[in-house]
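J.: Please see the structure below; I have some questions.
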Amino acid sequence: MQLSVVVPTLNARQRLSRALDALGARLPDAEVLVVNGPSSDGTSGLVREHAAADVLLELPERNLNASRNAGLAAATGDVIAFVSHGSVVREGWHDALADAIDGGADVVAGPVHRSVSGGVTTEAREADTVAGRDVTYFDGGNVAFRREVAEALDGFDEYLQTGAARDAAHRLAGMEYEVAWRPDFAVLRTDGDDVADRMADDSDVPAWGLKYRALGYRLAKNYGLRASVAWRALRHALADAKSAAGRVFGGDERPSAWVRNGRAVVTGVVAGVEDGLAARRRDRSPRRNPNGVSTRMDRAMSRYEP
């Protein structure tokens with residue numbers, strides 16, 4: 001197995017240093033590609049001096065999925081893993097991956113352990129059936145693909161600022177690829193390092209708006225307009241509305257914020273569904289990715305080999 005590890009990063013020098021230390025110690029033979037957004041904290045210098053980094057790609061975009069796709073396009077391995085800049089690979093990670101790949105797995109995923117006060121929490125396998133598809137979700141900061149699967153998927157959808165890993169899970173299921181869950185394929189994120197599935201922090205769209213625009217987009221793009229899918233989106237919204245109402249009645253949130261977030265949910269879903277249906281028309285193939293690697297071959301990028 002020739003392994004490439006792609007590490008997208010943006011203004012996370014200290015966390016990235018820990019991640020690279022672990023990759024160097026536990027995956028000494030892997031090709032490590034760091035894809036740096038427009039960081040301003042000395043990240044470039046750190047990567048150029050770190051022994052674990054083989055390739056540094058500099059992008060002008062504050063888009064996590066653009067970074068993932070740039071790394072995918074530059075990687076040379078026959079297995080390509082994506083590790084968050086806030087993730088430290090654990091002992092057993094490589095062996096679990098190799099065993100799964102040797103066993104014929106298309107995609108390998110595993111838990112994210114989080115160090116918190118008093119101990120460590122962890123994730124369990126999350127799966128669901130959506131419109132007849134058996135979907136296994138994964139964390140985009142701890143997943144590995146066979147190269148041919150990643151290329152068939154055309155990478156991640158760069159339209160999405162959040163939720164692109166879940167979108168990829170739906171598309172993998174639609175293409176009949178299986179995600180193998182391995183408990184020992186694990187990473188650790190310390191308290192405060194729980195990196196969201198996006199890197200842009202200057203968006204003027206409220207967090208709830210981003211979440212529901214992504215939800216509407218991926219459901220409409222992957223499944224079209226179906227009553228069962230619409231009900232799924234509504235269930236998510238109702239659950240969040242109930243939780244937010246509890247915070248209002250508990251005095252932790254103002255009613256005006258609840259109304260503002262509700263408006264963001266509605267406008268986010270509508271915008272996401274419209275854009276998702278347009279994307280579905282643009283890419284009618286099973287991969288459903290009109291904003292993937294193949295559409296961005298002219299990406300502005302600088303490459304360095306420390």
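By convention here, the chains of the structure tokens are called A, B, ... in the order presented, each chain's residues are numbered starting at 1, and ligands are numbered starting at 1 in the order presented.
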Fewer than 6 positions away in the same chain doesn't count, so skip those; otherwise give me all residues within 6 Å of A:Tyr217, counting only C-alpha atoms, as a PyMOL selection string.

T.: chain A and resi 272-273+276

J.: Please dump the current selection as a PDB file, in the first residue's frame; keep N, CA, C and O atoms.

T.:
ATOM      1  N   GLY A 272     -30.341  26.351  -0.644  1.00  0.00           N
ATOM      2  CA  GLY A 272     -29.655  25.083  -0.851  1.00  0.00           C
ATOM      3  C   GLY A 272     -30.383  24.169  -1.817  1.00  0.00           C
ATOM      4  O   GLY A 272     -29.767  23.535  -2.681  1.00  0.00           O
ATOM      5  N   VAL A 273     -31.701  24.089  -1.688  1.00  0.00           N
ATOM      6  CA  VAL A 273     -32.488  23.243  -2.592  1.00  0.00           C
ATOM      7  C   VAL A 273     -32.378  23.756  -4.027  1.00  0.00           C
ATOM      8  O   VAL A 273     -32.187  22.978  -4.974  1.00  0.00           O
ATOM      9  N   GLY A 276     -28.950  22.947  -5.204  1.00  0.00           N
ATOM     10  CA  GLY A 276     -28.786  21.505  -5.324  1.00  0.00           C
ATOM     11  C   GLY A 276     -29.449  20.950  -6.574  1.00  0.00           C
ATOM     12  O   GLY A 276     -28.897  20.081  -7.259  1.00  0.00           O
TER      13      GLY A 276
END

J.: Compile the contact shell of stretch 60-68 of chain A as a ChimeraX atom specification: residues with an atom at most 8 Å away, counting only C-alpha atoms, same-chain residues fewer than 3 positions apart removed.

T.: /A:6-10,35-38,71-72,82,155-158,160-161,164,197-200,300-301

J.: For A:Arg166, work out the shell of residues within 12 Å, counting only C-alpha atoms and skipping chain neighbours fewer than 2 positions away, then give it as a compact mmCIF listing (two decimals) with N, CA, C and O atoms, in the first residue's frame.

T.:
# COMPACT_ATOMS: atom_id res chain seq x y z
N GLU A 126 -21.93 5.89 12.45
CA GLU A 126 -23.21 6.52 12.16
C GLU A 126 -23.64 6.13 10.75
O GLU A 126 -22.92 6.36 9.78
N ALA A 127 -24.80 5.51 10.65
CA ALA A 127 -25.29 5.07 9.36
C ALA A 127 -26.80 5.30 9.29
O ALA A 127 -27.48 5.42 10.32
N ASP A 128 -27.32 5.38 8.08
CA ASP A 128 -28.75 5.64 7.89
C ASP A 128 -29.15 5.11 6.52
O ASP A 128 -28.30 4.86 5.66
N VAL A 135 -26.34 4.54 3.81
CA VAL A 135 -25.29 5.56 3.87
C VAL A 135 -24.53 5.42 5.18
O VAL A 135 -25.12 5.41 6.25
N THR A 136 -23.20 5.31 5.07
CA THR A 136 -22.33 5.34 6.25
C THR A 136 -21.59 6.66 6.25
O THR A 136 -20.83 6.96 5.32
N TYR A 137 -21.80 7.45 7.30
CA TYR A 137 -21.18 8.76 7.38
C TYR A 137 -19.77 8.65 7.96
O TYR A 137 -19.42 7.65 8.61
N PHE A 138 -18.97 9.66 7.74
CA PHE A 138 -17.61 9.66 8.26
C PHE A 138 -17.17 11.10 8.49
O PHE A 138 -17.73 12.05 7.94
N ASP A 139 -16.15 11.24 9.32
CA ASP A 139 -15.53 12.54 9.58
C ASP A 139 -14.53 12.81 8.46
O ASP A 139 -13.64 11.98 8.20
N GLY A 140 -14.64 13.95 7.81
CA GLY A 140 -13.74 14.28 6.71
C GLY A 140 -12.31 14.49 7.15
O GLY A 140 -11.40 14.58 6.31
N GLY A 141 -12.06 14.56 8.45
CA GLY A 141 -10.71 14.70 8.98
C GLY A 141 -10.11 13.39 9.43
O GLY A 141 -9.06 13.38 10.09
N VAL A 143 -10.38 9.89 7.23
CA VAL A 143 -10.95 8.98 6.23
C VAL A 143 -9.89 8.69 5.17
O VAL A 143 -9.00 9.52 4.93
N PHE A 156 -14.23 16.16 -3.36
CA PHE A 156 -15.29 16.78 -2.57
C PHE A 156 -15.95 17.90 -3.36
O PHE A 156 -15.36 18.47 -4.28
N ASP A 157 -17.18 18.23 -3.00
CA ASP A 157 -17.94 19.28 -3.69
C ASP A 157 -17.56 20.63 -3.09
O ASP A 157 -17.88 20.93 -1.93
N LEU A 160 -19.79 23.44 -1.15
CA LEU A 160 -20.15 23.33 0.26
C LEU A 160 -19.08 23.93 1.17
O LEU A 160 -17.90 23.62 1.05
N GLN A 161 -19.51 24.78 2.08
CA GLN A 161 -18.63 25.30 3.13
C GLN A 161 -18.67 24.43 4.37
O GLN A 161 -17.80 24.50 5.23
N THR A 162 -19.69 23.62 4.49
CA THR A 162 -19.82 22.69 5.60
C THR A 162 -20.60 21.48 5.10
O THR A 162 -21.39 21.59 4.15
N GLY A 163 -20.36 20.34 5.69
CA GLY A 163 -21.13 19.15 5.33
C GLY A 163 -20.68 18.41 4.09
O GLY A 163 -21.38 17.53 3.59
N ALA A 164 -19.47 18.70 3.57
CA ALA A 164 -19.04 18.04 2.34
C ALA A 164 -18.73 16.56 2.55
O ALA A 164 -18.89 15.76 1.62
N ALA A 168 -20.35 13.54 0.47
CA ALA A 168 -19.56 12.47 -0.14
C ALA A 168 -20.08 11.10 0.27
O ALA A 168 -20.08 10.16 -0.54
N ALA A 169 -20.53 10.96 1.50
CA ALA A 169 -21.08 9.68 1.96
C ALA A 169 -22.33 9.30 1.16
O ALA A 169 -22.51 8.14 0.78
N HIS A 170 -23.20 10.29 0.90
CA HIS A 170 -24.38 10.01 0.08
C HIS A 170 -23.98 9.60 -1.33
O HIS A 170 -24.56 8.68 -1.92
N ARG A 171 -22.98 10.28 -1.89
CA ARG A 171 -22.57 9.98 -3.26
C ARG A 171 -21.89 8.61 -3.35
O ARG A 171 -22.09 7.87 -4.31
N LEU A 172 -21.09 8.26 -2.35
CA LEU A 172 -20.48 6.93 -2.32
C LEU A 172 -21.55 5.85 -2.31
O LEU A 172 -21.44 4.84 -3.02
N ALA A 173 -22.58 6.05 -1.49
CA ALA A 173 -23.66 5.07 -1.43
C ALA A 173 -24.37 4.97 -2.77
O ALA A 173 -24.73 3.87 -3.22
N ASP A 197 -16.27 21.18 9.67
CA ASP A 197 -16.05 20.77 8.29
C ASP A 197 -16.02 21.99 7.37
O ASP A 197 -16.71 22.06 6.37
N LYS A 211 -25.57 25.63 7.73
CA LYS A 211 -25.92 24.23 7.98
C LYS A 211 -27.10 23.79 7.12
O LYS A 211 -27.05 22.73 6.47
N ALA A 214 -26.45 23.76 3.33
CA ALA A 214 -25.73 22.54 2.97
C ALA A 214 -26.66 21.33 2.98
O ALA A 214 -26.59 20.47 2.09
N LEU A 215 -27.54 21.25 3.97
CA LEU A 215 -28.48 20.13 4.04
C LEU A 215 -29.41 20.11 2.84
O LEU A 215 -29.60 19.08 2.18
N TYR A 217 -28.97 21.51 -0.03
CA TYR A 217 -28.19 21.29 -1.25
C TYR A 217 -27.89 19.81 -1.46
O TYR A 217 -28.14 19.26 -2.54
N ARG A 218 -27.35 19.15 -0.44
CA ARG A 218 -26.92 17.77 -0.66
C ARG A 218 -28.11 16.83 -0.83
O ARG A 218 -28.04 15.88 -1.60
N LEU A 219 -29.22 17.11 -0.15
CA LEU A 219 -30.39 16.25 -0.34
C LEU A 219 -31.00 16.46 -1.72
O LEU A 219 -31.34 15.49 -2.41
N ASN A 222 -28.54 15.03 -4.48
CA ASN A 222 -28.37 13.58 -4.52
C ASN A 222 -29.67 12.82 -4.74
O ASN A 222 -29.65 11.71 -5.28

J.: In Å, with one decimal, what is the gap from atom CA of A:Leu46 to atom CA of A:Ala73?

T.: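 Answer for the atom CA of A:Leu46 to atom CA of A:Ala73 separation: 22.9 Å.
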
J.: Nearest residue to A:Thr43 out of A:Leu20, A:Val293, A:Ala75, A:Ala98, using only C-alpha atoms?

T.: A:Leu20

J.: For A:Tyr212, which of A:Gly110, A:Gly174, A:Pro306, A:Gly268 is the closest residue, counting only C-alpha atoms?

T.: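 Ranking A:Gly110, A:Gly174, A:Pro306, A:Gly268 by distance to A:Tyr212, first place goes to A:Gly268.
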
J.: For the strand (DSSP E) assignment from backbone DSSP, which residues of stretch 85-114 of chain A qualify? Please present them as a list in words.

T.: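 Strand (DSSP E) members of stretch 85-114 of chain A, listed: Val88, Val89, Val107, Val108, Ala109, Val112, His113 and Arg114 of chain A.
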
J.: Please produce an output containing N, CA, C and O atoms for each residue in the selection, written as a short mmCIF file (atom, residue, chain, number, x, y, z; two decimals), in the first residue's frame.

T.:
data_model
loop_
_atom_site.label_atom_id
_atom_site.label_comp_id
_atom_site.auth_asym_id
_atom_site.auth_seq_id
_atom_site.Cartn_x
_atom_site.Cartn_y
_atom_site.Cartn_z
N VAL A 88 -4.58 13.96 15.66
CA VAL A 88 -3.35 13.21 15.90
C VAL A 88 -3.66 11.73 15.67
O VAL A 88 -4.51 11.16 16.37
N VAL A 89 -3.00 11.11 14.69
CA VAL A 89 -3.27 9.69 14.43
C VAL A 89 -2.79 8.86 15.61
O VAL A 89 -1.73 9.11 16.19
N VAL A 107 -13.40 2.47 1.00
CA VAL A 107 -13.18 3.66 1.84
C VAL A 107 -13.07 3.17 3.28
O VAL A 107 -13.82 2.27 3.69
N VAL A 108 -12.17 3.76 4.04
CA VAL A 108 -11.99 3.37 5.44
C VAL A 108 -12.21 4.59 6.33
O VAL A 108 -11.65 5.67 6.07
N ALA A 109 -13.02 4.43 7.35
CA ALA A 109 -13.29 5.50 8.30
C ALA A 109 -13.21 4.94 9.71
O ALA A 109 -13.27 3.72 9.92
N VAL A 112 -13.30 9.52 15.94
CA VAL A 112 -12.52 10.65 16.43
C VAL A 112 -12.66 10.66 17.95
O VAL A 112 -13.76 10.80 18.48
N HIS A 113 -11.55 10.44 18.65
CA HIS A 113 -11.54 10.55 20.10
C HIS A 113 -11.28 12.00 20.47
O HIS A 113 -10.46 12.68 19.83
N ARG A 114 -11.98 12.47 21.47
CA ARG A 114 -11.80 13.85 21.91
C ARG A 114 -11.42 13.87 23.38
O ARG A 114 -12.12 13.31 24.22
#
